[in-house]
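Shown next: start-v1.txt, containing compact mmCIF, C-alpha atoms.
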# COMPACT_ATOMS: atom_id res chain seq x y z
CA MET P 238 0.00 0.00 0.00
CA SER P 239 2.49 2.63 -1.17
CA TYR P 240 -0.40 5.11 -1.38
CA GLY P 241 -1.64 4.22 2.10
CA PHE P 242 -4.78 2.50 0.79
CA LEU P 243 -5.68 -0.39 -1.48
CA VAL P 244 -8.90 -0.83 -3.49
CA LEU P 245 -10.21 -4.35 -4.07
CA GLU P 246 -13.26 -4.36 -6.35
CA GLU P 247 -15.85 -7.18 -6.23
CA PHE P 248 -14.48 -8.56 -2.97
CA PHE P 249 -17.98 -9.43 -1.75
CA THR P 250 -20.98 -10.64 -3.73
CA THR P 251 -24.20 -8.71 -4.12
CA GLU P 252 -25.91 -11.33 -1.94
CA GLU P 253 -23.37 -10.89 0.85
CA CYS P 254 -23.79 -7.11 0.77
CA ASP P 255 -27.58 -7.41 0.86
CA ALA P 256 -27.33 -9.77 3.85
CA MET P 257 -25.22 -7.22 5.72
CA ARG P 258 -27.67 -4.45 4.89
CA GLU P 259 -30.53 -6.63 6.10
CA GLN P 260 -28.70 -7.01 9.39
CA ILE P 261 -28.51 -3.22 9.64
CA HIS P 262 -32.29 -2.99 9.21
CA LYS P 263 -32.86 -5.60 11.93
CA ILE P 264 -30.58 -3.77 14.37
CA ILE P 265 -32.30 -0.43 13.72
CA ALA P 266 -35.75 -2.00 14.08
CA LYS P 267 -34.82 -3.10 17.61
CA MET P 268 -33.17 0.23 18.49
CA ASP P 269 -34.24 1.71 21.81
CA VAL P 270 -32.14 4.72 22.80
CA PRO P 271 -33.27 6.83 25.79
CA PRO P 272 -33.55 10.55 24.95
CA HIS P 273 -30.62 11.49 27.20
CA CYS P 274 -28.37 9.12 25.22
CA ARG P 275 -29.28 10.38 21.77
CA THR P 276 -26.01 11.75 20.44
CA GLU P 277 -25.51 13.54 17.15
CA PHE P 278 -22.43 12.20 15.38
CA SER P 279 -19.81 14.76 14.41
CA THR P 280 -16.20 14.88 13.27
CA SER P 281 -15.78 18.51 14.29
CA GLU P 282 -13.22 18.61 17.11
CA GLU P 283 -15.28 20.95 19.29
CA GLU P 284 -18.49 18.99 18.77
CA GLN P 285 -16.74 15.66 19.30
CA LEU P 286 -15.54 16.75 22.73
CA LYS P 287 -18.86 18.32 23.70
CA ALA P 288 -21.12 15.48 22.58
CA GLN P 289 -19.39 12.13 22.05
CA GLY P 290 -16.40 12.79 24.30
CA SER P 291 -18.56 13.83 27.23
CA ALA P 292 -20.95 10.91 26.98
CA ASP P 293 -20.56 7.66 28.84
CA TYR P 294 -22.78 6.24 26.09
CA PHE P 295 -19.91 6.83 23.63
CA LEU P 296 -16.96 5.94 25.86
CA THR P 297 -18.46 2.59 26.90
CA SER P 298 -19.37 1.50 23.38
CA GLY P 299 -16.42 -0.85 22.93
CA ASP P 300 -18.43 -3.94 23.86
CA LYS P 301 -21.96 -2.69 23.12
CA ILE P 302 -24.04 -1.66 20.14
CA ARG P 303 -24.52 2.11 20.26
CA PHE P 304 -26.38 4.44 17.91
CA PHE P 305 -25.16 7.85 16.75
CA PHE P 306 -27.46 10.13 14.84
CA GLU P 307 -27.50 12.67 12.05
CA LYS P 308 -27.87 16.34 12.92
CA GLY P 309 -31.34 17.83 13.00
CA VAL P 310 -33.29 14.60 13.55
CA PHE P 311 -34.53 15.50 17.07
CA ASP P 312 -36.84 18.18 18.43
CA GLU P 313 -36.08 20.12 21.59
CA LYS P 314 -37.42 17.24 23.71
CA GLY P 315 -35.19 14.68 22.02
CA ASP P 316 -38.03 13.07 20.07
CA PHE P 317 -37.50 11.95 16.48
CA LEU P 318 -38.50 14.33 13.70
CA VAL P 319 -37.88 11.72 10.99
CA PRO P 320 -38.35 7.94 10.73
CA LYS P 321 -35.78 6.10 12.82
CA GLU P 322 -34.25 4.38 9.81
CA LYS P 323 -33.45 7.81 8.33
CA SER P 324 -31.93 9.18 11.53
CA ILE P 325 -28.85 6.98 11.86
CA ASN P 326 -25.37 8.14 10.96
CA LYS P 327 -23.36 5.36 12.58
CA ILE P 328 -23.83 2.16 14.58
CA GLY P 329 -20.84 0.96 16.64
CA HIS P 330 -18.56 -0.13 18.17
CA GLU P 331 -19.24 -3.59 19.54
CA ASN P 332 -16.81 -6.34 18.62
CA MET P 333 -19.44 -8.63 17.14
CA GLY P 334 -16.97 -11.21 15.92
CA LYS P 335 -17.20 -13.44 18.98
CA GLU P 336 -17.18 -16.76 17.16
CA ARG P 337 -13.76 -17.67 15.73
CA GLN P 338 -12.30 -20.38 13.59
CA LYS P 339 -10.02 -22.96 15.14
CA ASN P 340 -6.45 -22.19 14.14
CA PRO P 341 -4.75 -18.98 15.30
CA ILE P 342 -2.31 -17.44 12.87
CA ASP P 343 1.32 -17.02 13.91
CA PHE P 344 1.09 -13.24 14.07
CA PRO P 345 -2.39 -12.70 15.52
CA LEU P 346 -4.57 -9.78 14.58
CA LEU P 347 -6.96 -8.28 17.10
CA LEU P 348 -10.39 -6.98 16.13
CA ILE P 349 -10.51 -3.46 17.59
CA GLN P 350 -13.90 -2.07 16.60
CA GLN P 351 -16.72 -2.45 14.12
CA SER P 352 -19.28 0.01 12.84
CA LEU P 353 -22.04 0.40 10.29
CA LYS P 354 -22.12 3.82 8.65
CA CYS P 355 -25.33 4.95 7.04
CA LYS P 356 -24.93 8.03 4.87
CA ILE P 357 -28.52 8.73 4.01
CA THR P 358 -29.94 11.01 1.32
CA ARG P 359 -29.27 14.69 1.11
CA CYS P 360 -31.88 16.03 3.51
CA LEU P 361 -29.68 15.09 6.49
CA LEU P 362 -25.95 15.47 6.02
CA VAL P 363 -22.70 14.96 7.91
CA SER P 364 -19.32 15.07 6.20
CA VAL P 365 -16.28 13.36 7.69
CA ARG P 366 -13.44 15.82 8.00
CA PRO P 367 -9.85 14.94 7.05
CA HIS P 368 -8.38 12.66 9.69
CA GLN P 369 -6.08 9.74 10.42
CA ASP P 370 -7.45 6.69 12.20
CA ALA P 371 -4.32 6.56 14.39
CA THR P 372 -5.46 9.83 15.97
CA PHE P 373 -8.16 7.81 17.71
CA LEU P 374 -6.66 4.29 17.61
CA TYR P 375 -3.08 4.88 18.73
CA THR P 376 -0.50 2.13 19.07
CA GLU P 377 3.18 1.91 19.84
CA PRO P 378 4.78 1.50 17.42
CA LEU P 379 2.57 3.20 14.89
CA GLY P 380 1.56 1.44 11.70
CA ARG P 381 -0.13 -1.52 13.38
CA VAL P 382 -3.79 -0.60 12.73
CA LEU P 383 -5.57 -1.40 9.47
CA GLY P 384 -9.04 -0.22 8.52
CA LEU P 385 -11.36 -2.26 6.27
CA TRP P 386 -14.11 -0.32 4.50
CA ILE P 387 -16.76 -2.43 2.76
CA ALA P 388 -19.14 -0.78 0.29
CA LEU P 389 -22.62 -2.24 0.79
CA GLU P 390 -23.87 0.12 -1.94
CA ASN P 391 -22.12 1.98 -4.74
CA ALA P 392 -20.03 4.79 -3.25
CA THR P 393 -19.66 7.74 -5.64
CA GLN P 394 -18.53 11.35 -5.40
CA GLU P 395 -22.19 12.35 -5.24
CA ASN P 396 -23.19 10.16 -2.29
CA GLY P 397 -20.06 10.32 -0.16
CA CYS P 398 -17.18 8.12 -1.33
CA LEU P 399 -13.81 8.28 0.42
CA TRP P 400 -11.10 10.77 -0.55
CA PHE P 401 -7.42 10.16 0.24
CA ILE P 402 -4.11 12.01 0.22
CA PRO P 403 -1.87 9.40 -1.41
CA GLY P 404 1.33 8.73 0.50
CA SER P 405 0.27 10.70 3.58
CA HIS P 406 0.70 7.62 5.79
CA THR P 407 4.46 8.22 5.78
CA ASN P 408 4.28 11.52 7.67
CA GLY P 409 3.29 10.31 11.15
CA ILE P 410 0.54 11.95 13.22
CA THR P 411 0.39 15.30 14.98
CA ARG P 412 -2.85 14.94 16.96
CA ARG P 413 -4.35 12.39 19.32
CA MET P 414 -7.74 11.99 21.00
CA VAL P 415 -7.10 10.78 24.57
CA ARG P 416 -9.08 10.14 27.70
CA ALA P 417 -8.97 13.05 30.12
CA PRO P 418 -8.07 12.53 33.81
CA PRO P 419 -10.88 10.97 35.88
CA GLY P 420 -13.53 13.47 36.90
CA THR P 421 -12.73 15.82 34.02
CA ILE P 422 -15.44 17.12 31.72
CA PRO P 423 -15.32 16.56 28.80
CA CYS P 424 -14.05 13.02 29.27
CA THR P 425 -11.77 13.21 26.23
CA GLN P 426 -9.40 15.80 24.87
CA PHE P 427 -7.20 16.35 21.85
CA VAL P 428 -3.44 16.57 22.25
CA GLY P 429 -1.55 18.31 19.47
CA SER P 430 -3.12 19.86 16.39
CA GLU P 431 -4.18 18.62 12.99
CA ARG P 432 -2.20 19.63 9.94
CA THR P 433 -3.83 21.90 7.39
CA TYR P 434 -4.79 20.13 4.18
CA GLN P 435 -5.70 21.53 0.79
CA ASP P 436 -8.58 20.14 -1.24
CA SER P 437 -6.21 19.73 -4.17
CA GLN P 438 -4.22 17.13 -2.20
CA PHE P 439 -7.13 14.67 -2.10
CA ILE P 440 -8.20 12.23 -4.77
CA PRO P 441 -11.68 10.62 -4.83
CA VAL P 442 -11.90 6.83 -4.57
CA PRO P 443 -15.34 5.74 -5.79
CA ILE P 444 -16.04 2.03 -5.42
CA CYS P 445 -18.83 -0.29 -6.49
CA LYS P 446 -21.06 -2.34 -4.22
CA GLY P 447 -19.08 -5.27 -2.85
CA GLY P 448 -15.74 -3.49 -3.04
CA LEU P 449 -13.26 -3.35 -0.15
CA ILE P 450 -10.81 -0.57 0.69
CA LEU P 451 -7.87 -1.32 3.00
CA ILE P 452 -6.85 1.81 4.91
CA HIS P 453 -3.49 2.36 6.61
CA GLY P 454 -3.98 3.81 10.10
CA GLU P 455 -2.03 6.95 9.27
CA VAL P 456 -3.27 7.82 5.80
CA VAL P 457 -5.28 11.06 5.67
CA HIS P 458 -8.80 10.56 4.36
CA LYS P 459 -12.25 12.13 4.42
CA SER P 460 -15.71 11.89 2.88
CA GLU P 461 -17.97 14.66 1.67
CA LEU P 462 -21.67 15.27 2.17
CA ASN P 463 -24.15 13.02 0.45
CA SER P 464 -25.65 15.39 -2.11
CA SER P 465 -27.62 12.71 -3.96
CA GLU P 466 -30.90 10.87 -3.56
CA ARG P 467 -29.04 7.57 -2.98
CA SER P 468 -27.87 6.25 0.38
CA ARG P 469 -24.33 5.01 1.00
CA HIS P 470 -24.18 2.21 3.55
CA VAL P 471 -20.80 0.80 4.51
CA TYR P 472 -19.50 -1.70 7.04
CA THR P 473 -16.13 -0.90 8.58
CA PHE P 474 -13.84 -2.47 11.10
CA HIS P 475 -10.28 -2.09 12.33
CA LEU P 476 -7.63 -4.70 12.98
CA MET P 477 -4.45 -4.39 15.03
CA GLU P 478 -1.34 -6.50 14.58
CA ALA P 479 -0.85 -7.81 18.12
CA LYS P 480 2.73 -9.04 18.04
CA ASP P 481 5.05 -6.58 19.86
CA THR P 482 2.32 -3.91 19.80
CA SER P 483 1.06 -1.81 22.71
CA TRP P 484 -2.50 -0.45 22.65
CA SER P 485 -2.46 2.97 24.31
CA LYS P 486 -4.26 3.13 27.65
CA GLU P 487 -5.07 6.75 26.75
CA ASN P 488 -7.23 5.77 23.76
CA TRP P 489 -10.93 6.53 24.15
CA LEU P 490 -11.73 2.94 23.13
CA GLN P 491 -10.64 0.34 25.65
CA PRO P 492 -11.21 -3.42 25.87
CA THR P 493 -13.24 -4.66 28.81
CA PRO P 494 -12.89 -7.76 31.00
CA GLU P 495 -16.20 -8.99 29.58
CA LEU P 496 -15.06 -8.55 26.00
CA PRO P 497 -11.36 -7.99 25.36
CA PHE P 498 -10.22 -7.35 21.82
CA PRO P 499 -10.73 -10.81 20.28
CA PRO P 500 -8.03 -12.43 18.13
CA LEU P 501 -8.76 -12.94 14.47
CA TYR P 502 -8.17 -16.49 13.24
CA THR P 503 -7.70 -18.01 9.83
As structure tokens:
Amino acid sequence: MSYGFLVLEEFFTTEECDAMREQIHKIIAKMDVPPHCRTEFSTSEEEQLKAQGSADYFLTSGDKIRFFFEKGVFDEKGDFLVPKEKSINKIGHENMGKERQKNPIDFPLLLIQQSLKCKITRCLLVSVRPHQDATFLYTEPLGRVLGLWIALENATQENGCLWFIPGSHTNGITRRMVRAPPGTIPCTQFVGSERTYQDSQFIPVPICKGGLILIHGEVVHKSELNSSERSRHVYTFHLMEAKDTSWSKENWLQPTPELPFPPLYT
């Protein structure tokens, strides 16, 4: 991955993608989120700290299914203004891969987090600002986290495909999201500052339904608003190479005794 990402078209069949989307619909149908836990998803640093970073609902999502919503879907009482299935931005971060195959590989990979991202049609919009996954999923040494981004529908420039800065994974990171000291509000904080990026540095990476994009933990990427009438559902998860790797105890996402990061088997 000299560019920091790798595109694999037709990695999954149409039937496999439809099965994953059906699972999304089942999860949403059973969704029951109390009003005080209804969090609007954002990638703005200030809004991340105010909403997600201050919420126990977000910080304890490592072993649970949590729902994060688009902006503008609630009234002042926290009641839905739109159908529930059109309110979701992201579902995460439970490690759902609890059943494993028998033989561990020699250099085990750990499943860090999973999420379903539902970019709906243009009436409700959230872009994902330029970022590096290692800002949030920090390891020592760096370079041990890999993102997998599965297109469950066609992802185009109009409905929110990924954009990358090729080769940016070689420049390290300058910002980290860490847990704040106990008793501090908000519960997370950013250390360092993000570099400034120019739009001209990014290239779009559209991909057809069933395609897979492998994402280096330090490559800079983003996605734009969905300006179309078509949704853009994706399933993502992150893996960490476990051998000689230390998961930072300052990361917002932490394994729990009930569900540690499970090993991935062949």
Neighbour residues at most 6 Å from (-21.6, 0.5, 0.5) (all atoms listed in the file) as an NGL selection string: :P and (388-392 or 446 or 469-471)
Write to file, as a PDB file, keeping the file's coordinate frame, the residues of the selection just made, with C-alpha atoms.
ATOM      1  CA  ALA P 388     -19.140  -0.780   0.290  1.00  0.00           C
ATOM      2  CA  LEU P 389     -22.620  -2.240   0.790  1.00  0.00           C
ATOM      3  CA  GLU P 390     -23.870   0.120  -1.940  1.00  0.00           C
ATOM      4  CA  ASN P 391     -22.120   1.980  -4.740  1.00  0.00           C
ATOM      5  CA  ALA P 392     -20.030   4.790  -3.250  1.00  0.00           C
ATOM      6  CA  LYS P 446     -21.060  -2.340  -4.220  1.00  0.00           C
ATOM      7  CA  ARG P 469     -24.330   5.010   1.000  1.00  0.00           C
ATOM      8  CA  HIS P 470     -24.180   2.210   3.550  1.00  0.00           C
ATOM      9  CA  VAL P 471     -20.800   0.800   4.510  1.00  0.00           C
TER      10      VAL P 471
END
For each of P:Gln394, P:Ser465, P:Thr473, P:Gln435, take the minimum atom-to-atom distance to Met257 (chain P), counting all atoms listed in the file, then give the residue where this is smallest. P:Thr473
If we count all atoms listed in the file and set the cut-off at 9 Å, which residues sit around Arg413 (chain P), ignoring sequence neighbours fewer than 2 positions away in its own chain? Please answer as a count of residues only. 15
Please report the interatomic distance between CA of Pro423 (chain P) and CA of Leu490 (chain P) in Å with one decimal. 15.2 Å
Distance criterion (only C-alpha atoms): nearest to Pro497 (chain P) out of P:Gly380, P:Lys263, P:Phe248, P:Ile349: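 Between P:Gly380, P:Lys263, P:Phe248, P:Ile349, the residue approaching Pro497 (chain P) most closely is P:Ile349.
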Return the single residue from P:Met477, P:Ile387, P:Leu399, P:Ile325 that is closest to Ile264 (chain P), with distances computed using all atoms listed in the file.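 Smallest separation from Ile264 (chain P) among the options: P:Ile325.
Residue nearest Pro500 (chain P), chosen from P:Val457, P:Ile444, P:Leu347, P:Val365 and counting only C-alpha atoms: P:Leu347.
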Using all atoms listed in the file, which protein or nucleic acid residues come within 10 Å of Asp255 (chain P)? Drop anything in the same chain fewer than 3 positions from it, and give the result as a ChimeraX atom specification. /P:250-252,258-261,389-390,446-447
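Here CA of Leu243 (chain P) and CA of Phe401 (chain P) stand 10.8 Å from one another.
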Neighbouring residues of Trp386 (chain P) were defined as those with any atom within 7 Å, considering all atoms listed in the file; residues of the same chain fewer than 5 positions away were excluded. Please report them as an MDAnalysis selection string. chainID P and resid 449:451 471:474
So, with all atoms listed in the file as the atoms that count, which of P:Lys267, P:Arg467, P:His458, P:His453 lies closest to Ser239 (chain P)? P:His453
Pick from P:Gln491, P:Glu377, P:Ser352, P:Tyr240: nearest to Phe439 (chain P), with all atoms listed in the file counted? P:Tyr240
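The space between CA of Val310 (chain P) and CA of Pro272 (chain P) spans 12.1 Å.
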